[in-house]
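**Q** Below is the structure I would like to discuss, written out as structure tokens.
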Amino acid sequence: MRGLVLTLAVTLAPLAGHAGVEQAVDDHILPAVAAFQADTTALRSAAEADCTQEAVRPAYQSAFDAWMGVAHLQFGPLEETGRGLSIAFWPDARGMVPKAVAGLVAEADPVIDDADAFAQVSVAGRGLFAIEAVLYGESYDADDYACRLAVALSRDLARTGHALAEAWDAYAEILRTAGEPGNAAYMSEAEATRELYTALMTGLEFTKDQRLGRPMGTFERPRPTRAEAWRSGRSQRNVVLSLEALRGLAAELAEAPETDAAFARAIATAEALDDPVFAGVADPAARFRLEALQQEIASIQTATATEIGAALGVSQGFNSQDGD
Amino acid sequence: MTRLLSTAAIAATAFASPALAGKADVLGTYADIAAAAYEDSRITAEALETAVDTLIATPSAEALEAAKDAWRAARVPYQQTEVFRFGNAIVDDWEGKVNAWPLDEGLIDYVDATYGGATDENDYAVLNVVASPTFTLSGTEVDATEITPELLSETLHEADAVEANVATGYHAIEFLLWGQDLNGSGAGAGARPWTDFAQGDACTNGNCDRRGDYLKAATELLVSDLSWMAEQWKDGGEARETLLADGDAGVAAILTGMGSLSYGEQAGERMKLGVLLNDPEEEHDCFSDNTHNSHYYDGMGIRNVYLGEYVRADGSLVSGESLSSLVAEADPAVDAALTDALDHTMARLGRIKTAAEAGFAYDRMLERGNDAGEALIMGAVDALVAQTSDIERAVTALGLDGIGFEGSDSLDNPNAVFQ
């Protein structure tokens, strides 16, 4: 009998799930994608007007803020052609970004003068982290190669932001028509729901294990220089913004008061850290606060699974972080 | 309402049928394949050890080539076991000892000047144990005058908590046999001279005796690690017992391994990333240029466990009740789609293997702007991503949503399920 009840629940669920997908697309995904397009376009304009470090930094910060609104949507348009990695290549365990940027500068590689050719360059030498390396690395003058590189990188990112928005115009329709004849990506409404649910769960795991876990390292061997975007002072901010974005997605998927409360607690903790680049990982007291935050994110994962996953009748699918 | 009733009726029928016996048989086949494939890995690693002994005792160009051949042969069964990762915690906890990648090879032996020095991430990227009988590691003085399996596994492997400090396993051995591939996107693999193992004045690049000691210790360790894992899958072994303890969780473990290896690991980390980075050494077997085979046999391992058949290194066939038949019973269309997807992936991986064997090496496919190479690799990536969707559909068809269905990260890290 228990089997029957479960089966009934699963059969009913997709109706609720489909509504969640529509809402998530219209109210969460598309506005965030549009904001990223606008802010990367503004970054391009800023760099074209004045490519010195000080002049471009504010626009870079805004563009990175906007990225945090879409970074968790690691499927479809961000996955195609490695677009997500060409926007943000992190974690960078083997120092590929500094290597790629230094390589371009050392050779004064003329590839930066051709947008199509530049789009073929290693993803480690493009995107937000390459821009960070240029804007927050060794200072340069307005007529230097580095300055032209900042412009080329900004143009490339704006182009990617535009392409992402175009791709989402089409992909939104694929999500909306899940389960309809001819939709090969999502053969049922539940598959579209599972995609968004997987993005939510994977995003939580990424913030907990990567954004927090990497700089924490081990107690004996903390790793502050593994914090995300520490050179531009964004590590703590990125944790807060990622949690806010994930909270937004969760709210679209299902009515989930416990999950929302768990988000509120974790965001309050993250905002109160007062440790912008997680330099405190070596200090036991500061470290304890980061561990507490990790546990609060784990509580969000549990609440999400029991409240949202169960309500929608879906569980987490495979994700691109599944490897080792 | 009709739909609800009919679904309930089907569910009731399924519960009444001897589905549990089916699952036990399927799990038995899977464990038999694991036992045979790890046993083959051990046997072929022993052959490698014999070849390494010969190389060290009587160094020659022929002995080095024979050891390389033995290494390549040993990879064939081992790569087919990678599908047992991700779903089985016992394999995940152990795997890093035998197949960790990528590595900062300067930890082990001499490297070219272009390799660079210590990095932000790794203070020991150029430690060069072969040339250093004593050194300081994370503040501790290490006596490495004698290079033993214990030194490699207990002290050097993942030294300073850096994953790229790979001191053991297939890729450490690969580096010692081939050396660095300094050809970039040009033709050719690593070209270590056999005289790197020669005795007396014939020794090149110094410390040939210590290099031989390292190679011997790493090979011995590989054999013992593989023997241990083979034991775990035999009757009464821990891996088999854990798997067989719960039918649903066991079948979910099979599918978790298939999906995680297909998508995050192989399609993402190992294949797509190399294309996106245009880095010729961003390939799994970068010293030997054997990557096309590593990918091919990884794909074959995934297909093996679904179809319930494995061809052993001696040519005999291990087969039994398959996961494919279990899925077909639940939903024939899902089974047909997944079987087709696995075949399609093998065809795409076969294209890469064919081109590589004809001379178009994998590192050349990764070159910036090499459209043919990119198309070959991305063809296989797309196939692997597509088969992952079909694997998810099999999970749903079997009603296994939400049963122990997690990535390797969650298995390794109990905090992931912390409440």
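Letters for chains follow the order of the structure tokens (A, B, ...), residue numbers begin at 1 for each chain, and ligand numbers begin at 1 in the order shown.
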I want to know what sits within 10 Å of region 335-343 of chain B, based on only C-alpha atoms, with residues of the same chain fewer than 6 positions away left out; could you give that as a ChimeraX atom specification?
**A** /B:299-300,302-304,306-307,323-329,349,383-394,397
**Q** Apply DSSP to the structure's backbone, then extract all residues of region 92-301 of chain A labelled alpha helix (DSSP H) and return them as a ChimeraX atom specification.
**A** /A:96-107,115-118,127-135,145-176,189-206,213-216,235-253,257-271,284-301
**Q** Go through B:Met365, B:Ala380, B:Ala372, B:Leu255 one by one, measure the shortest atom-to-atom distance of each to chain A using only C-alpha atoms, and give the residue with the smallest value.
**A**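 Selected residue with least distance to chain A: B:Leu255.
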**Q** If you measure from CA of Phe278 (chain A) to CA of Arg247 (chain A), what distance in Å do you get, rounded to one decimal?
**A** 22.5 Å
**Q** Show me, as number ranges by chain, every residue of chain A with an atom at most 9 Å from chain B, counting only C-alpha atoms.
**A** A: 1, 3-5, 7-8, 11-12, 81-82, 85-86, 93-96, 117, 120-125, 185-186, 191, 205, 208-209, 217-218, 221, 223, 225-226, 294-296, 298-302, 309, 313-324
**Q** Just checking: using only C-alpha atoms, which residue out of B:Ile173, B:Ile90, B:Ile352, B:Ile33 ends up closest to Leu366 (chain B)?
**A** B:Ile352
**Q** Excluding same-chain residues fewer than 4 positions from Lys68 (chain B), what lies within 9 Å of it counting only C-alpha atoms, as number ranges by chain?
**A** B: 48, 51, 63-64, 72-73, 174, 177-178, 288
**Q** Hey, what's within 7 Å of region 147-158 of chain A if we count only C-alpha atoms and toss same-chain stuff fewer than 5 positions away? As a ChimeraX atom specification, please?
**A** /A:37,40-41,43-44,47-48,51-52,87,112,115,119,126-127,131,134,142
**Q** Please, could you write that set of residues out with N, CA and C atoms as a PDB file, in the first residue's frame?
**A**
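Result file is selection.pdb:
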```pdb
ATOM      1  N   GLN A  37      23.666  40.702 -19.344  1.00  0.00           N
ATOM      2  CA  GLN A  37      23.945  41.283 -20.662  1.00  0.00           C
ATOM      3  C   GLN A  37      24.169  42.793 -20.532  1.00  0.00           C
ATOM      4  N   THR A  40      27.543  43.568 -18.629  1.00  0.00           N
ATOM      5  CA  THR A  40      28.760  43.290 -19.391  1.00  0.00           C
ATOM      6  C   THR A  40      28.900  44.279 -20.553  1.00  0.00           C
ATOM      7  N   THR A  41      27.761  44.730 -21.087  1.00  0.00           N
ATOM      8  CA  THR A  41      27.810  45.767 -22.124  1.00  0.00           C
ATOM      9  C   THR A  41      28.354  47.071 -21.528  1.00  0.00           C
ATOM     10  N   LEU A  43      30.352  47.248 -19.020  1.00  0.00           N
ATOM     11  CA  LEU A  43      31.782  47.026 -18.787  1.00  0.00           C
ATOM     12  C   LEU A  43      32.574  47.301 -20.064  1.00  0.00           C
ATOM     13  N   ARG A  44      32.059  46.820 -21.181  1.00  0.00           N
ATOM     14  CA  ARG A  44      32.724  47.059 -22.461  1.00  0.00           C
ATOM     15  C   ARG A  44      32.831  48.561 -22.722  1.00  0.00           C
ATOM     16  N   ALA A  47      35.459  50.202 -20.495  1.00  0.00           N
ATOM     17  CA  ALA A  47      36.834  49.898 -20.899  1.00  0.00           C
ATOM     18  C   ALA A  47      37.203  50.634 -22.176  1.00  0.00           C
ATOM     19  N   GLU A  48      36.236  50.739 -23.095  1.00  0.00           N
ATOM     20  CA  GLU A  48      36.512  51.438 -24.355  1.00  0.00           C
ATOM     21  C   GLU A  48      36.745  52.932 -24.104  1.00  0.00           C
ATOM     22  N   CYS A  51      40.654  52.667 -20.460  1.00  0.00           N
ATOM     23  CA  CYS A  51      40.987  51.277 -20.130  1.00  0.00           C
ATOM     24  C   CYS A  51      41.937  51.142 -18.944  1.00  0.00           C
ATOM     25  N   THR A  52      42.211  52.222 -18.226  1.00  0.00           N
ATOM     26  CA  THR A  52      43.094  52.084 -17.070  1.00  0.00           C
ATOM     27  C   THR A  52      42.378  51.330 -15.945  1.00  0.00           C
ATOM     28  N   ILE A  87      33.113  32.484 -19.190  1.00  0.00           N
ATOM     29  CA  ILE A  87      32.758  33.663 -18.396  1.00  0.00           C
ATOM     30  C   ILE A  87      33.515  33.647 -17.071  1.00  0.00           C
ATOM     31  N   ILE A 112      44.319  39.571 -29.678  1.00  0.00           N
ATOM     32  CA  ILE A 112      43.337  40.443 -29.025  1.00  0.00           C
ATOM     33  C   ILE A 112      42.702  41.448 -29.988  1.00  0.00           C
ATOM     34  N   ALA A 115      38.223  39.841 -32.738  1.00  0.00           N
ATOM     35  CA  ALA A 115      37.231  39.312 -31.792  1.00  0.00           C
ATOM     36  C   ALA A 115      36.943  37.827 -32.017  1.00  0.00           C
ATOM     37  N   ALA A 119      37.912  34.786 -29.385  1.00  0.00           N
ATOM     38  CA  ALA A 119      36.906  33.875 -28.823  1.00  0.00           C
ATOM     39  C   ALA A 119      37.374  32.420 -28.843  1.00  0.00           C
ATOM     40  N   ARG A 126      40.288  34.208 -20.718  1.00  0.00           N
ATOM     41  CA  ARG A 126      39.141  35.063 -21.025  1.00  0.00           C
ATOM     42  C   ARG A 126      38.229  35.134 -19.804  1.00  0.00           C
ATOM     43  N   GLY A 127      37.249  36.035 -19.861  1.00  0.00           N
ATOM     44  CA  GLY A 127      36.231  36.075 -18.813  1.00  0.00           C
ATOM     45  C   GLY A 127      36.621  36.890 -17.596  1.00  0.00           C
ATOM     46  N   ILE A 131      39.999  39.162 -16.553  1.00  0.00           N
ATOM     47  CA  ILE A 131      39.853  40.617 -16.385  1.00  0.00           C
ATOM     48  C   ILE A 131      40.352  41.019 -14.997  1.00  0.00           C
ATOM     49  N   VAL A 134      44.041  41.265 -14.892  1.00  0.00           N
ATOM     50  CA  VAL A 134      44.560  42.472 -15.546  1.00  0.00           C
ATOM     51  C   VAL A 134      44.274  43.717 -14.694  1.00  0.00           C
ATOM     52  N   ALA A 142      47.944  53.680 -19.997  1.00  0.00           N
ATOM     53  CA  ALA A 142      46.840  53.594 -20.954  1.00  0.00           C
ATOM     54  C   ALA A 142      47.276  53.144 -22.351  1.00  0.00           C
TER      55      ALA A 142
END
```
**Q** I need the residue nearest Arg211 (chain A) from this list: A:Val101, A:Ala270, A:Leu164, A:Ala199. Use only C-alpha atoms for the distance.
**A** A:Ala270
**Q** Name all residues at most 8 Å from Met216 (chain A) (count only C-alpha atoms; drop same-chain ones fewer than 5 positions away) and give them as an MDAnalysis selection string.
**A** chainID A and resid 222:224 281:282 287
**Q** Applying 10 Å and only C-alpha atoms, which residues near Ser62 (chain A) remain after dropping the ones on its own chain fewer than 5 positions away? List them as number ranges by chain.
**A** A: 35-36, 38-40, 42-43, 57, 67
**Q** With N, CA and C atoms retained, could you export that selection as a PDB file, in the first residue's frame?
**A**
```
ATOM      1  N   ALA A  35      20.151  41.210 -17.030  1.00  0.00           N
ATOM      2  CA  ALA A  35      21.009  42.074 -16.217  1.00  0.00           C
ATOM      3  C   ALA A  35      22.478  41.802 -16.518  1.00  0.00           C
ATOM      4  N   PHE A  36      22.811  40.537 -16.727  1.00  0.00           N
ATOM      5  CA  PHE A  36      24.203  40.196 -17.043  1.00  0.00           C
ATOM      6  C   PHE A  36      24.589  40.775 -18.404  1.00  0.00           C
ATOM      7  N   ALA A  38      23.306  43.456 -19.782  1.00  0.00           N
ATOM      8  CA  ALA A  38      23.415  44.921 -19.636  1.00  0.00           C
ATOM      9  C   ALA A  38      24.718  45.301 -18.931  1.00  0.00           C
ATOM     10  N   ASP A  39      25.059  44.584 -17.878  1.00  0.00           N
ATOM     11  CA  ASP A  39      26.241  44.963 -17.102  1.00  0.00           C
ATOM     12  C   ASP A  39      27.552  44.624 -17.810  1.00  0.00           C
ATOM     13  N   THR A  40      27.543  43.568 -18.629  1.00  0.00           N
ATOM     14  CA  THR A  40      28.760  43.290 -19.391  1.00  0.00           C
ATOM     15  C   THR A  40      28.900  44.279 -20.553  1.00  0.00           C
ATOM     16  N   ALA A  42      27.923  47.382 -20.306  1.00  0.00           N
ATOM     17  CA  ALA A  42      28.418  48.586 -19.624  1.00  0.00           C
ATOM     18  C   ALA A  42      29.916  48.468 -19.340  1.00  0.00           C
ATOM     19  N   LEU A  43      30.352  47.248 -19.020  1.00  0.00           N
ATOM     20  CA  LEU A  43      31.782  47.026 -18.787  1.00  0.00           C
ATOM     21  C   LEU A  43      32.574  47.301 -20.064  1.00  0.00           C
ATOM     22  N   ARG A  57      37.478  49.232 -13.041  1.00  0.00           N
ATOM     23  CA  ARG A  57      37.110  48.382 -11.899  1.00  0.00           C
ATOM     24  C   ARG A  57      35.635  48.438 -11.469  1.00  0.00           C
ATOM     25  N   TRP A  67      26.872  38.413 -12.716  1.00  0.00           N
ATOM     26  CA  TRP A  67      27.203  37.005 -12.959  1.00  0.00           C
ATOM     27  C   TRP A  67      26.697  36.120 -11.816  1.00  0.00           C
TER      28      TRP A  67
END
```
**Q** Determine, counting only C-alpha atoms, which protein, DNA and RNA residues have an atom within 8 Å of an atom of region 230-245 of chain A; residues of the same chain fewer than 3 positions away are not included. Present the result as JSON, numbers by chain.
**A** {"A": [65, 68, 69, 70, 71, 72, 132, 133, 136, 203, 204, 207, 211, 212, 225, 226, 227, 248, 249, 263, 266, 267, 270, 271, 273, 275, 276, 277, 278]}
**Q** Check the smallest atom-to-atom distance from each of B:Pro193, B:Gly237, B:Gly315, B:Gly117 to Ala61 (chain B) using only C-alpha atoms, then report the winner.
**A**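 Answer, going by the shortest atom-to-atom distance: B:Pro193.
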